[in-house]
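Colleague: This is the content of entry.cif (mmCIF, C-alpha atoms):
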```
data_input
loop_
_atom_site.label_atom_id
_atom_site.label_comp_id
_atom_site.auth_asym_id
_atom_site.auth_seq_id
_atom_site.Cartn_x
_atom_site.Cartn_y
_atom_site.Cartn_z
CA MET A 1 24.62 -5.33 41.84
CA ASN A 2 23.05 -5.68 38.39
CA ILE A 3 25.26 -6.05 35.38
CA VAL A 4 23.72 -5.40 32.00
CA ALA A 5 25.63 -6.79 29.08
CA SER A 6 24.95 -5.11 25.80
CA VAL A 7 24.76 -7.26 22.71
CA LYS A 8 26.47 -5.59 19.80
CA GLY A 9 25.75 -6.40 16.21
CA GLY A 10 23.51 -9.25 15.29
CA PRO A 11 23.58 -12.16 12.91
CA ASP A 12 26.41 -11.99 10.40
CA ARG A 13 25.99 -12.23 6.64
CA ASP A 14 26.51 -16.00 6.56
CA THR A 15 23.82 -16.55 9.21
CA ALA A 16 21.40 -14.29 7.30
CA LYS A 17 22.18 -16.13 4.04
CA ALA A 18 21.46 -19.50 5.70
CA ALA A 19 18.22 -18.15 7.20
CA LEU A 20 17.11 -16.86 3.79
CA ALA A 21 17.84 -20.25 2.20
CA THR A 22 15.69 -21.91 4.90
CA LEU A 23 12.87 -19.41 4.30
CA LYS A 24 12.99 -19.98 0.52
CA ALA A 25 12.91 -23.75 1.01
CA TRP A 26 9.82 -23.42 3.22
CA ALA A 27 8.16 -21.03 0.74
CA ARG A 28 8.45 -23.56 -2.12
CA SER A 29 5.86 -25.75 -0.40
CA ALA A 30 3.84 -23.00 1.30
CA SER A 31 0.70 -21.43 -0.14
CA VAL A 32 0.45 -17.73 -0.93
CA GLU A 33 -1.89 -17.38 2.06
CA GLU A 34 0.63 -19.03 4.40
CA ILE A 35 3.39 -16.71 3.19
CA ALA A 36 1.17 -13.65 3.63
CA ALA A 37 0.16 -14.83 7.11
CA LEU A 38 3.82 -15.11 8.11
CA ASP A 39 4.51 -11.52 7.06
CA PRO A 40 3.00 -9.59 4.12
CA ALA A 41 6.45 -8.22 3.25
CA MET A 42 7.72 -11.80 2.75
CA ALA A 43 5.66 -12.18 -0.42
CA ARG A 44 7.65 -9.36 -2.02
CA LEU A 45 10.96 -10.70 -0.73
CA LEU A 46 10.25 -14.19 -2.03
CA GLY A 47 8.88 -12.99 -5.35
CA THR A 48 5.39 -14.41 -4.79
CA ALA A 49 3.62 -11.07 -4.44
CA GLU A 50 1.09 -10.24 -7.10
CA TYR A 51 0.59 -6.57 -7.81
CA PRO A 52 -3.14 -5.89 -7.85
CA LEU A 53 -4.62 -5.14 -11.25
CA PHE A 54 -6.78 -2.04 -11.10
CA SER A 55 -9.72 -1.26 -13.34
CA ARG A 56 -11.61 1.92 -14.04
CA ILE A 57 -14.78 -0.07 -14.75
CA TYR A 58 -16.80 -1.25 -11.76
CA PRO A 59 -20.05 -3.22 -11.64
CA ASP A 60 -23.09 -1.12 -10.79
CA ASP A 61 -23.67 -3.22 -7.67
CA PHE A 62 -20.07 -2.86 -6.39
CA ALA A 63 -19.86 -2.37 -2.63
CA VAL A 64 -16.76 -2.23 -0.47
CA GLY A 65 -16.77 -4.99 2.12
CA GLU A 66 -14.31 -6.23 4.73
CA ASN A 67 -13.02 -8.95 2.36
CA TYR A 68 -12.28 -6.38 -0.34
CA LYS A 69 -10.58 -4.01 2.13
CA ALA A 70 -8.33 -6.84 3.34
CA THR A 71 -6.89 -7.22 -0.19
CA LEU A 72 -5.75 -3.59 -0.42
CA PRO A 73 -2.15 -2.74 0.50
CA ASP A 74 -1.75 -0.45 3.53
CA LEU A 75 1.01 1.90 2.43
CA GLN A 76 0.59 4.30 5.34
CA ASN A 77 0.65 1.80 8.21
CA GLY A 78 2.29 -1.16 6.50
CA PRO A 79 5.96 -2.09 6.47
CA SER A 80 8.32 0.38 4.83
CA SER A 81 9.42 -2.37 2.43
CA LEU A 82 6.17 -1.76 0.50
CA ILE A 83 7.22 1.82 -0.27
CA LYS A 84 9.49 2.19 -3.27
CA GLY A 85 11.63 5.21 -3.94
CA SER A 86 14.64 7.11 -2.79
CA LYS A 87 15.32 7.37 0.93
CA GLN A 88 14.76 11.12 1.09
CA GLN A 89 12.70 13.22 3.45
CA ILE A 90 9.40 14.31 1.96
CA GLN A 91 9.17 18.11 1.90
CA HIS A 92 5.64 18.41 0.52
CA VAL A 93 2.75 16.01 0.03
CA GLY A 94 -0.24 16.74 -2.12
CA ILE A 95 -2.06 16.38 -5.39
CA SER A 96 -2.64 18.96 -8.09
CA ASN A 97 -5.07 19.28 -10.98
CA PHE A 98 -7.48 16.84 -9.35
CA ARG A 99 -10.73 17.30 -11.26
CA LEU A 100 -13.82 17.46 -9.14
CA PRO A 101 -17.43 18.15 -10.16
CA ILE A 102 -19.00 20.82 -7.97
CA ARG A 103 -22.74 21.52 -7.98
CA PHE A 104 -24.08 25.01 -7.32
CA GLN A 105 -27.66 25.90 -6.50
CA THR A 106 -28.89 28.73 -8.74
CA ARG A 107 -31.24 31.52 -7.61
CA GLU A 108 -33.96 30.03 -9.76
CA GLY A 109 -33.73 26.70 -7.87
CA GLY A 110 -31.83 24.86 -10.56
CA VAL A 111 -28.48 23.11 -10.29
CA LEU A 112 -25.33 24.10 -12.18
CA THR A 113 -22.48 21.58 -12.29
CA LEU A 114 -18.95 22.77 -13.03
CA GLU A 115 -15.76 20.72 -13.27
CA THR A 116 -13.18 22.30 -11.00
CA SER A 117 -9.43 21.73 -10.81
CA VAL A 118 -8.37 21.29 -7.18
CA THR A 119 -4.93 21.36 -5.55
CA GLY A 120 -4.63 19.82 -2.11
CA SER A 121 -1.59 19.66 0.11
#
```
Using structure tokens, write down the structure that the file contains.
Modeller:
Amino acid sequence: MNIVASVKGGPDRDTAKAALATLKAWARSASVEEIAALDPAMARLLGTAEYPLFSRIYPDDFAVGENYKATLPDLQNGPSSLIKGSKQQIQHVGISNFRLPIRFQTREGGVLTLETSVTGS
């Protein structure tokens, strides 16, 4: 006969507090890379995360590479701790008044470019 014992609960608050103190002590001597390698969410928990600074100006020779992609946060597939906001179900997802240039071919063979407002959901 097999007997399966269920384990109820988990670590109590005091155990979690001690574990956090241990983690913080380790983080004081760890590099940012070591903390990120442990768990990307730890950087936010420990206060070592740096929010990326975005710019609207890019060099003409800018090209997306694997190194650049690795620095971007993955909000869709990453841990939920990266998502800030109220714990509510999302009823609708989309974007409105997104301006997009659209080019039309004219009968005469020319090109007409119009800025169009797009709503996507």
Colleague: Mind giving me the axis-aligned box for region 77-84 of chain A with 6 Å on every side, centre plus edges in Å to one decimal, as JSON?
Modeller:
```
{"center_x": 5.1, "center_y": -0.1, "center_z": 2.5, "size_x": 20.8, "size_y": 16.6, "size_z": 23.5}
```
Colleague: CA of Ala36 (chain A) to CA of Thr71 (chain A): how many Å, to one decimal?
Modeller: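 CA of Ala36 (chain A) sits 11.0 Å away from CA of Thr71 (chain A).
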Colleague: Going by the chain IDs and residue numbers used in this file, which residues fall under the PyMOL selection byres ((chain A and resi 90-106) around 10)? Write them as a PyMOL selection string.
Modeller: chain A and resi 87-89+107-121
Colleague: Find the residues near Ala27 (chain A): any atom within 10 Å, counting only C-alpha atoms, skip ones fewer than 4 places away on the same chain, and give them as a PyMOL selection string.
Modeller: chain A and resi 21-23+31-32+34-35+42-43+46+48
Colleague: Could you jot down the CA of Ala37 (chain A) to CA of Tyr58 (chain A) separation for me, Å, one decimal place?
Modeller: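 It comes out at 28.8 Å.
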Colleague: Is it possible to add N, CA and C atoms to region 71-83 of chain A and hand it back as an mmCIF file, in the frame of the given file?
Modeller:
```
data_model
loop_
_atom_site.group_PDB
_atom_site.id
_atom_site.type_symbol
_atom_site.label_atom_id
_atom_site.label_comp_id
_atom_site.auth_asym_id
_atom_site.auth_seq_id
_atom_site.Cartn_x
_atom_site.Cartn_y
_atom_site.Cartn_z
ATOM 1 N N THR A 71 -7.795 -6.967 0.938
ATOM 2 C CA THR A 71 -6.890 -7.220 -0.190
ATOM 3 C C THR A 71 -6.093 -5.985 -0.590
ATOM 4 N N LEU A 72 -6.432 -4.819 -0.030
ATOM 5 C CA LEU A 72 -5.750 -3.590 -0.420
ATOM 6 C C LEU A 72 -4.475 -3.393 0.391
ATOM 7 N N PRO A 73 -3.381 -2.965 -0.265
ATOM 8 C CA PRO A 73 -2.150 -2.740 0.500
ATOM 9 C C PRO A 73 -2.285 -1.508 1.390
ATOM 10 N N ASP A 74 -1.718 -1.568 2.586
ATOM 11 C CA ASP A 74 -1.750 -0.450 3.530
ATOM 12 C C ASP A 74 -0.397 0.246 3.478
ATOM 13 N N LEU A 75 -0.267 1.233 2.601
ATOM 14 C CA LEU A 75 1.010 1.900 2.430
ATOM 15 C C LEU A 75 1.344 2.843 3.577
ATOM 16 N N GLN A 76 0.323 3.372 4.245
ATOM 17 C CA GLN A 76 0.590 4.300 5.340
ATOM 18 C C GLN A 76 1.033 3.576 6.604
ATOM 19 N N ASN A 77 0.358 2.489 6.958
ATOM 20 C CA ASN A 77 0.650 1.800 8.210
ATOM 21 C C ASN A 77 1.374 0.479 8.023
ATOM 22 N N GLY A 78 1.621 0.099 6.770
ATOM 23 C CA GLY A 78 2.290 -1.160 6.500
ATOM 24 C C GLY A 78 3.793 -1.030 6.640
ATOM 25 N N PRO A 79 4.497 -2.126 6.353
ATOM 26 C CA PRO A 79 5.960 -2.090 6.470
ATOM 27 C C PRO A 79 6.571 -1.173 5.414
ATOM 28 N N SER A 80 7.679 -0.556 5.757
ATOM 29 C CA SER A 80 8.320 0.380 4.830
ATOM 30 C C SER A 80 8.831 -0.315 3.585
ATOM 31 N N SER A 81 8.951 -1.651 3.613
ATOM 32 C CA SER A 81 9.420 -2.370 2.430
ATOM 33 C C SER A 81 8.422 -2.283 1.275
ATOM 34 N N LEU A 82 7.165 -1.909 1.560
ATOM 35 C CA LEU A 82 6.170 -1.760 0.500
ATOM 36 C C LEU A 82 6.319 -0.436 -0.237
ATOM 37 N N ILE A 83 7.071 0.498 0.323
ATOM 38 C CA ILE A 83 7.220 1.820 -0.270
ATOM 39 C C ILE A 83 8.486 1.858 -1.099
#
```
